[in-house]
>>> print(open('my_file.txt').read())   # compact mmCIF, C-alpha atoms and all ligand atoms
# COMPACT_ATOMS: atom_id res chain seq x y z
CA MET A 1 13.59 0.90 -16.54
CA GLN A 2 13.58 0.32 -12.77
CA LEU A 3 12.02 -2.71 -11.13
CA VAL A 4 11.32 -2.37 -7.40
CA LEU A 5 9.69 -4.38 -4.65
CA PRO A 6 6.61 -3.09 -2.82
CA SER A 7 7.07 -1.62 0.66
CA VAL A 8 5.27 0.10 3.52
CA GLU A 9 6.45 2.86 5.85
CA LEU A 10 4.91 4.27 9.01
CA LEU A 11 4.50 8.04 8.68
CA ASP A 12 2.54 8.66 11.85
CA ILE A 13 0.53 7.04 14.61
CA SER A 14 -1.29 8.75 17.48
CA THR A 15 1.02 8.88 20.48
CA SER A 16 -0.29 6.68 23.28
CA SER A 17 -3.11 5.37 21.08
CA THR A 18 -4.64 3.21 23.80
CA ARG A 19 -4.55 6.11 26.30
CA LYS A 20 -6.39 8.31 23.78
CA ILE A 21 -9.00 5.61 23.28
CA GLU A 22 -9.29 5.15 27.05
CA LYS A 23 -9.84 8.88 27.68
CA ALA A 24 -12.64 8.99 25.12
CA ALA A 25 -14.26 5.76 26.32
CA ARG A 26 -14.17 6.71 30.00
CA THR A 27 -16.24 9.77 29.10
CA CYS A 28 -19.07 7.34 28.29
CA TYR A 29 -18.84 5.61 31.66
CA GLN A 30 -17.73 8.71 33.64
CA SER A 31 -14.91 6.59 35.01
CA GLU A 32 -11.88 8.82 34.44
CA GLY A 33 -10.95 8.21 38.09
CA LYS A 34 -9.99 4.64 37.14
CA ILE A 35 -7.15 5.79 34.86
CA GLY A 36 -3.92 4.25 36.12
CA LYS A 37 -1.09 1.87 35.21
CA ASN A 38 -2.23 -0.43 32.37
CA SER A 39 -5.86 0.66 32.78
CA ASP A 40 -5.86 1.60 29.08
CA LYS A 41 -4.92 -1.92 28.02
CA LYS A 42 -7.64 -3.47 30.18
CA LEU A 43 -10.27 -1.05 28.91
CA VAL A 44 -9.37 -1.46 25.25
CA ARG A 45 -9.59 -5.24 25.66
CA LYS A 46 -13.05 -4.79 27.20
CA LEU A 47 -14.13 -2.47 24.37
CA MET A 48 -13.08 -5.11 21.84
CA GLU A 49 -15.09 -7.78 23.68
CA LEU A 50 -18.14 -5.49 23.79
CA ASN A 51 -17.68 -4.63 20.08
CA HIS A 52 -17.64 -0.96 21.12
CA GLY A 53 -15.49 -0.15 18.07
CA ALA A 54 -16.46 3.51 17.85
CA MET A 55 -13.94 4.30 20.60
CA LEU A 56 -11.11 3.03 18.37
CA GLU A 57 -11.83 5.96 16.07
CA PHE A 58 -10.07 8.27 18.54
CA ALA A 59 -6.58 7.19 17.39
CA ASP A 60 -5.16 7.35 13.84
CA MET A 61 -2.36 5.82 11.81
CA THR A 62 -0.81 7.04 8.55
CA LEU A 63 1.09 4.61 6.32
CA ARG A 64 2.86 5.22 3.02
CA PHE A 65 2.67 2.32 0.55
CA VAL A 66 4.86 1.75 -2.49
CA VAL A 67 2.68 -0.51 -4.64
CA ASP A 68 1.55 -0.86 -8.22
CA ARG A 69 -1.44 0.96 -9.69
CA GLY A 70 -3.53 -2.21 -9.59
CA VAL A 71 -3.18 -2.43 -5.80
CA SER A 72 -3.60 1.32 -5.29
CA HIS A 73 -6.83 1.21 -7.28
CA GLU A 74 -8.18 -1.26 -4.72
CA LEU A 75 -6.87 0.76 -1.75
CA VAL A 76 -8.74 3.90 -2.77
CA ARG A 77 -12.05 2.05 -2.47
CA HIS A 78 -11.81 2.48 1.31
CA ARG A 79 -14.07 5.45 1.82
CA LEU A 80 -13.14 6.34 5.40
CA VAL A 81 -9.46 6.85 4.53
CA SER A 82 -7.68 10.12 3.63
CA PHE A 83 -5.32 9.68 0.66
CA ALA A 84 -2.40 11.42 -1.03
CA GLN A 85 -1.13 9.65 -4.17
CA GLU A 86 1.72 10.21 -6.61
CA SER A 87 0.18 11.91 -9.64
CA THR A 88 0.73 10.55 -13.14
CA ARG A 89 -0.60 13.91 -14.36
CA TYR A 90 2.08 16.00 -12.70
CA CYS A 91 5.02 13.57 -12.41
CA LYS A 92 6.86 13.09 -15.71
CA TYR A 93 9.00 9.95 -15.89
CA GLY A 94 11.51 11.37 -18.36
CA ASN A 95 14.42 9.36 -16.93
CA GLY A 96 12.59 6.07 -17.25
CA VAL A 97 9.61 4.36 -15.69
CA THR A 98 9.57 2.34 -12.44
CA PHE A 99 7.51 -0.82 -12.13
CA ILE A 100 6.61 -3.03 -9.16
CA ILE A 101 7.74 -6.65 -9.38
CA PRO A 102 4.62 -8.82 -8.89
CA CYS A 103 5.07 -11.30 -6.03
CA TRP A 104 4.86 -14.28 -8.43
CA VAL A 105 7.63 -12.89 -10.68
CA ASN A 106 11.04 -14.07 -9.59
CA LEU A 107 13.26 -11.21 -10.83
CA PRO A 108 15.69 -9.15 -8.75
CA ALA A 109 15.07 -5.43 -8.25
CA GLY A 110 17.27 -2.99 -10.17
CA GLU A 111 17.79 -1.14 -13.43
CA TYR A 112 16.99 -3.14 -16.60
CA ASN A 113 17.83 -2.27 -20.20
CA TRP A 114 17.14 -4.12 -23.46
CA GLU A 115 20.29 -3.66 -25.54
CA GLN A 116 21.31 -5.44 -28.75
CA GLY A 117 18.75 -8.19 -28.27
CA GLU A 118 19.45 -8.96 -24.63
CA TRP A 119 18.67 -7.76 -21.13
CA CYS A 120 21.41 -5.80 -19.35
CA ARG A 121 21.24 -5.10 -15.65
CA ALA A 122 23.57 -2.68 -13.90
CA GLU A 123 23.52 -4.78 -10.71
CA GLY A 124 24.71 -7.95 -12.46
CA PRO A 125 23.45 -10.82 -14.60
CA ILE A 126 19.77 -11.74 -14.60
CA PRO A 127 19.06 -15.26 -13.38
CA GLY A 128 17.21 -17.59 -15.78
CA MET A 129 13.61 -16.51 -16.22
CA THR A 130 10.45 -18.29 -17.26
CA LEU A 131 8.70 -17.49 -20.55
CA ASN A 132 6.00 -15.61 -18.65
CA GLU A 133 8.52 -13.56 -16.67
CA SER A 134 10.26 -12.68 -19.93
CA GLU A 135 6.91 -11.71 -21.51
CA TRP A 136 6.09 -9.47 -18.54
CA LEU A 137 9.52 -7.82 -18.65
CA HIS A 138 9.14 -7.09 -22.38
CA ALA A 139 5.65 -5.66 -21.83
CA MET A 140 7.04 -3.23 -19.22
CA TRP A 141 9.89 -2.26 -21.53
CA ARG A 142 7.54 -1.63 -24.47
CA ALA A 143 5.27 0.50 -22.26
CA GLN A 144 8.26 2.56 -21.11
CA GLU A 145 9.54 2.99 -24.67
CA SER A 146 6.14 4.19 -25.91
CA TYR A 147 5.81 6.59 -22.95
CA LEU A 148 9.27 8.09 -23.56
CA GLU A 149 8.57 8.34 -27.31
CA LEU A 150 5.34 10.25 -26.63
CA ILE A 151 6.78 12.75 -24.13
CA ASN A 152 9.93 13.36 -26.20
CA ARG A 153 8.59 13.58 -29.80
CA ALA A 154 10.13 16.76 -31.19
CA GLY A 155 7.49 19.34 -32.11
CA ASP A 156 4.57 17.11 -31.07
CA ALA A 157 5.32 15.88 -27.56
CA TRP A 158 2.50 14.66 -25.33
CA SER A 159 2.21 15.90 -21.76
CA ALA A 160 2.67 13.46 -18.87
CA GLN A 161 -1.09 13.33 -18.33
CA GLN A 162 -1.60 12.31 -21.97
CA ALA A 163 1.29 9.84 -22.20
CA ARG A 164 0.24 8.05 -18.99
CA SER A 165 -2.46 6.29 -21.03
CA VAL A 166 0.15 3.74 -22.18
CA LEU A 167 1.33 2.89 -18.65
CA PRO A 168 0.24 -0.47 -17.19
CA ASN A 169 -1.13 -1.65 -13.85
CA SER A 170 2.41 -2.58 -12.76
CA LEU A 171 3.45 1.10 -12.69
CA LYS A 172 4.94 1.97 -9.30
CA THR A 173 2.99 4.47 -7.23
CA GLN A 174 3.31 5.93 -3.73
CA ILE A 175 0.17 6.39 -1.72
CA CYS A 176 -0.33 7.73 1.82
CA MET A 177 -3.32 6.47 3.78
CA LYS A 178 -4.52 8.05 7.01
CA ALA A 179 -7.32 6.31 8.90
CA ASN A 180 -8.51 5.72 12.42
CA LEU A 181 -7.62 2.42 14.07
CA ARG A 182 -11.15 1.03 13.70
CA GLU A 183 -10.89 1.48 9.93
CA TRP A 184 -7.40 -0.08 9.87
CA ILE A 185 -8.83 -3.14 11.64
CA HIS A 186 -11.52 -3.31 8.95
CA ILE A 187 -8.93 -2.92 6.16
CA PHE A 188 -6.65 -5.60 7.61
CA LYS A 189 -9.60 -7.99 8.00
CA GLU A 190 -10.54 -7.57 4.35
CA ARG A 191 -7.11 -7.28 2.81
CA THR A 192 -5.19 -10.03 4.59
CA SER A 193 -7.90 -12.60 3.90
CA PRO A 194 -7.01 -15.44 1.50
CA LYS A 195 -9.64 -13.95 -0.83
CA ALA A 196 -7.64 -10.72 -1.24
CA HIS A 197 -5.29 -10.27 -4.22
CA PRO A 198 -1.81 -11.74 -3.50
CA GLN A 199 -0.08 -8.39 -4.07
CA MET A 200 -2.55 -6.73 -1.69
CA ARG A 201 -1.89 -9.41 0.95
CA GLU A 202 1.85 -8.95 0.45
CA VAL A 203 1.79 -5.26 1.46
CA MET A 204 -0.97 -5.61 4.06
CA GLU A 205 1.09 -8.24 5.86
CA MET A 206 3.94 -5.68 6.03
CA ALA A 207 1.48 -3.04 7.28
CA VAL A 208 0.16 -5.41 9.94
CA MET A 209 3.71 -5.98 11.26
CA ILE A 210 4.19 -2.22 11.61
CA ALA A 211 0.81 -1.70 13.27
CA ALA A 212 1.25 -4.70 15.60
CA GLN A 213 4.58 -3.35 16.80
CA LYS A 214 2.88 -0.10 17.83
CA VAL A 215 -0.46 -1.38 19.16
CA PRO A 216 -0.11 -5.16 19.61
CA MET A 217 -3.42 -5.61 21.43
CA LEU A 218 -5.36 -4.41 18.39
CA PHE A 219 -3.26 -5.73 15.52
CA ASN A 220 -1.51 -8.94 16.69
CA GLN A 221 -4.66 -10.81 15.63
CA PHE A 222 -3.72 -10.24 11.95
CA ILE A 223 -0.18 -11.62 12.10
CA CYS A 224 -0.01 -14.82 10.06
CA LYS A 225 1.05 -17.63 12.35
C1 LIG B 301 -11.96 -9.95 -2.00
C2 LIG B 301 -12.51 -8.69 -2.55
C3 LIG B 301 -13.03 -8.67 -3.83
C4 LIG B 301 -13.57 -7.47 -4.34
N1 LIG B 301 -14.07 -7.46 -5.61
C5 LIG B 301 -14.63 -6.33 -6.10
C6 LIG B 301 -15.19 -6.28 -7.41
O1 LIG B 301 -15.18 -7.26 -8.14
N2 LIG B 301 -15.71 -5.13 -7.86
C7 LIG B 301 -15.78 -3.99 -7.06
O2 LIG B 301 -16.31 -2.98 -7.50
N3 LIG B 301 -15.21 -4.00 -5.84
C8 LIG B 301 -14.65 -5.12 -5.34
N4 LIG B 301 -14.10 -5.12 -4.09
C9 LIG B 301 -14.07 -3.85 -3.34
C10 LIG B 301 -15.25 -3.79 -2.34
O3 LIG B 301 -16.49 -3.78 -3.03
C11 LIG B 301 -15.16 -2.54 -1.45
O4 LIG B 301 -15.30 -1.39 -2.26
C12 LIG B 301 -13.85 -2.42 -0.72
O5 LIG B 301 -13.44 -3.67 -0.25
C13 LIG B 301 -14.00 -1.44 0.44
O6 LIG B 301 -14.73 -2.11 1.47
P1 LIG B 301 -15.78 -1.43 2.42
O7 LIG B 301 -16.82 -0.72 1.64
O8 LIG B 301 -16.23 -2.44 3.43
O9 LIG B 301 -14.82 -0.45 3.23
P2 LIG B 301 -14.74 1.11 3.50
O10 LIG B 301 -15.13 1.95 2.34
O11 LIG B 301 -13.37 1.24 4.06
O12 LIG B 301 -15.80 1.35 4.61
C14 LIG B 301 -15.63 0.80 5.93
C15 LIG B 301 -16.98 0.42 6.47
O13 LIG B 301 -17.71 1.64 6.69
C16 LIG B 301 -19.08 1.40 6.41
N5 LIG B 301 -19.49 2.27 5.29
C17 LIG B 301 -18.67 3.04 4.48
N6 LIG B 301 -19.41 3.73 3.60
C18 LIG B 301 -20.70 3.39 3.83
C19 LIG B 301 -21.94 3.74 3.23
N7 LIG B 301 -22.02 4.59 2.22
N8 LIG B 301 -23.08 3.21 3.73
C20 LIG B 301 -23.05 2.35 4.77
N9 LIG B 301 -21.92 1.94 5.39
C21 LIG B 301 -20.74 2.47 4.92
C22 LIG B 301 -19.23 -0.07 6.06
O14 LIG B 301 -19.51 -0.80 7.23
C23 LIG B 301 -17.84 -0.43 5.55
O15 LIG B 301 -17.55 -1.81 5.66
C24 LIG B 301 -13.56 -6.28 -3.55
C25 LIG B 301 -13.01 -6.33 -2.26
C26 LIG B 301 -12.49 -7.50 -1.76
C27 LIG B 301 -11.87 -7.50 -0.36
>>> encode(input="my_file.txt", output="structure tokens", more="lines below")
Ligand SMILES: Cc1cc2nc3c(=O)[nH]c(=O)nc-3n(C[C@H](O)[C@H](O)[C@H](O)COP(=O)(O)OP(=O)(O)OC[C@H]3O[C@@H](n4cnc5c(N)ncnc54)[C@H](O)[C@@H]3O)c2cc1C
Amino acid sequence: MQLVLPSVELLDISTSSTRKIEKAARTCYQSEGKIGKNSDKKLVRKLMELNHGAMLEFADMTLRFVVDRGVSHELVRHRLVSFAQESTRYCKYGNGVTFIIPCWVNLPAGEYNWEQGEWCRAEGPIPGMTLNESEWLHAMWRAQESYLELINRAGDAWSAQQARSVLPNSLKTQICMKANLREWIHIFKERTSPKAHPQMREVMEMAVMIAAQKVPMLFNQFICK
């Protein structure tokens, strides 16, 4: 059984996002002649002030998230996003199941095994854990054991799409999300708010750092001070 931490990776972002936005927006004002050094930055700032968000739809960003199924279930509620997600119908976890460590569980990432009444970890000893952390770890182990039992039962094995019914919300999944920058602003507003789930905030704060590095004028506003 593998325990991993959530992560986010940039797959793609429109080259010269603010220039793309500028070209589209200047069509409205027939002011292409004003394109010059830093004119894109000035115009995008103006568009933000005017709440002319439609122009931000002319640039896109694609991120790949490694999260648990609980978080991914919330992500797919964003209707303006294109998705590609690891399939529990077609991926068979015959070598063991991978789970995401919740941000309130203080366990190191790595390979865990329950052998002769104790936890063994290839990477070294496991630091003392709380009763709840131990309960969570056992729940993941039991889910993995049931899953492996079902897909391996001689003469009556279940397919991956049948056996997945025993897998919990903490199952690791990969999900790609492609959206325009207006929609990313909307997502970051919703999902970095204190009202969002802590695991959602955890990955959205990583996503914000990536986005802010690429287009600071749009995304710096979401960096937690
Ligand atoms: C704190 C929090 C708690 C939540 N709790 C629950 C819950 O208990 N149960 C539950 O079911 N969901 C819950 N959700 C999910 C929520 O209901 C939305 O499905 C999700 O946040 C996506 O938001 P959205 O619709 O604004 O965004 P998107 O789907 O990304 O859409 C972006 C924007 O496009 C516009 N838009 C998109 N589609 C339409 C449309 N058909 N008509 C008009 N305008 C549209 C809207 O302006 C929308 O804000 C929760 C979300 C949050 C952040």
>>> closest_residue(input="my_file.txt", among="A:Leu5, A:Met206, A:Ala59, A:Ile21", to="Pro102 of chain A", atoms="all atoms listed in the file")
A:Leu5
>>> residues_around(input="my_file.txt", residues="segment 213-225 of chain A", least_positions_apart="2", cutoff="12 Å", atoms="all atoms listed in the file", output="PyMOL selection string")
chain A and resi 10+12-19+21+40-49+53+56+59-61+181-194+201-202+204-211
>>> residues_near_ligand(input="my_file.txt", ligand="ligand LIG 301 (chain B)", cutoff="6 Å", atoms="all atoms listed in the file", output="PyMOL selection string")
chain A and resi 77-80+190-191+195-196
>>> closest_atom_pairs(input="my_file.txt", of="segment 16-111 of chain A", to="segment 152-172 of chain A", cutoff="10 Å", atoms="only C-alpha atoms", output="Markdown table")
| residue | atom | partner | partner_atom | distance |
| --- | --- | --- | --- | --- |
| A:Val66 | CA | A:Lys172 | CA | 6.8 |
| A:Val67 | CA | A:Lys172 | CA | 5.7 |
| A:Asp68 | CA | A:Lys172 | CA | 4.5 |
| A:Arg69 | CA | A:Asn169 | CA | 4.9 |
| A:Gly70 | CA | A:Asn169 | CA | 4.9 |
| A:Val71 | CA | A:Asn169 | CA | 8.3 |
| A:Ser72 | CA | A:Asn169 | CA | 9.4 |
| A:His73 | CA | A:Asn169 | CA | 9.2 |
| A:Glu86 | CA | A:Lys172 | CA | 9.2 |
| A:Ser87 | CA | A:Gln161 | CA | 8.9 |
| A:Thr88 | CA | A:Gln161 | CA | 6.2 |
| A:Arg89 | CA | A:Gln161 | CA | 4.0 |
| A:Tyr90 | CA | A:Ala160 | CA | 6.7 |
| A:Cys91 | CA | A:Ala160 | CA | 6.9 |
| A:Lys92 | CA | A:Ala160 | CA | 5.3 |
| A:Tyr93 | CA | A:Ala160 | CA | 7.8 |
| A:Gly94 | CA | A:Asn152 | CA | 8.2 |
| A:Val97 | CA | A:Leu171 | CA | 7.6 |
| A:Thr98 | CA | A:Lys172 | CA | 5.6 |
| A:Phe99 | CA | A:Leu171 | CA | 4.5 |
| A:Ile100 | CA | A:Lys172 | CA | 5.3 |
| A:Ile101 | CA | A:Ser170 | CA | 7.5 |
| A:Pro102 | CA | A:Ser170 | CA | 7.7 |
>>> residues_near_point(input="my_file.txt", point="(27.3, -4.6, -16.6)", cutoff="12 Å", atoms="all atoms listed in the file", output="ChimeraX atom specification")
/A:111-113,115,119-126
>>> closest_atom_pairs(input="my_file.txt", of="segment 1-108 of chain A", to="segment 130-137 of chain A", cutoff="8 Å", atoms="all atoms listed in the file", output="Markdown table")
| residue | atom | partner | partner_atom | distance |
| --- | --- | --- | --- | --- |
| A:Val105 | CA | A:Glu133 | CA | 6.1 |
| A:Asn106 | CA | A:Glu133 | CA | 7.5 |
| A:Leu107 | CA | A:Glu133 | CA | 7.9 |
>>> atom_distance(input="my_file.txt", atom1="atom CA of Pro127 of chain A", atom2="atom CA of Tyr147 of chain A")
27.3 Å
>>> closest_residue(input="my_file.txt", among="A:Val76, A:Val8, A:Met55, A:Met177", to="Cys28 of chain A", atoms="only C-alpha atoms")
A:Met55
>>> closest_residue(input="my_file.txt", among="A:Pro6, A:Gly117, A:Pro198, A:Gly96", to="Met140 of chain A", atoms="only C-alpha atoms")
A:Gly96
>>> closest_residue(input="my_file.txt", among="A:Gln144, A:Asn38, A:Thr173, A:Gln2", to="Pro108 of chain A", atoms="all atoms listed in the file")
A:Gln2
>>> atom_distance(input="my_file.txt", atom1="atom CA of Ile35 of chain A", atom2="atom CA of Glu22 of chain A")
8.1 Å
>>> atom_distance(input="my_file.txt", atom1="atom CA of Phe65 of chain A", atom2="atom CA of Leu150 of chain A")
28.4 Å
>>> residues_near_point(input="my_file.txt", point="(-3.5, 11.2, 1.6)", cutoff="7 Å", atoms="all atoms listed in the file", output="list of chain:residue names")
A:Ser82, A:Phe83, A:Ala84, A:Gln85, A:Ile175, A:Cys176, A:Met177, A:Lys178
>>> write_last_selection(input="my_file.txt", atoms="C-alpha atoms", output="PDB file, keeping the file's coordinate frame")
ATOM      1  CA  SER A  82      -7.680  10.120   3.630  1.00  0.00           C
ATOM      2  CA  PHE A  83      -5.320   9.680   0.660  1.00  0.00           C
ATOM      3  CA  ALA A  84      -2.400  11.420  -1.030  1.00  0.00           C
ATOM      4  CA  GLN A  85      -1.130   9.650  -4.170  1.00  0.00           C
ATOM      5  CA  ILE A 175       0.170   6.390  -1.720  1.00  0.00           C
ATOM      6  CA  CYS A 176      -0.330   7.730   1.820  1.00  0.00           C
ATOM      7  CA  MET A 177      -3.320   6.470   3.780  1.00  0.00           C
ATOM      8  CA  LYS A 178      -4.520   8.050   7.010  1.00  0.00           C
TER       9      LYS A 178
END
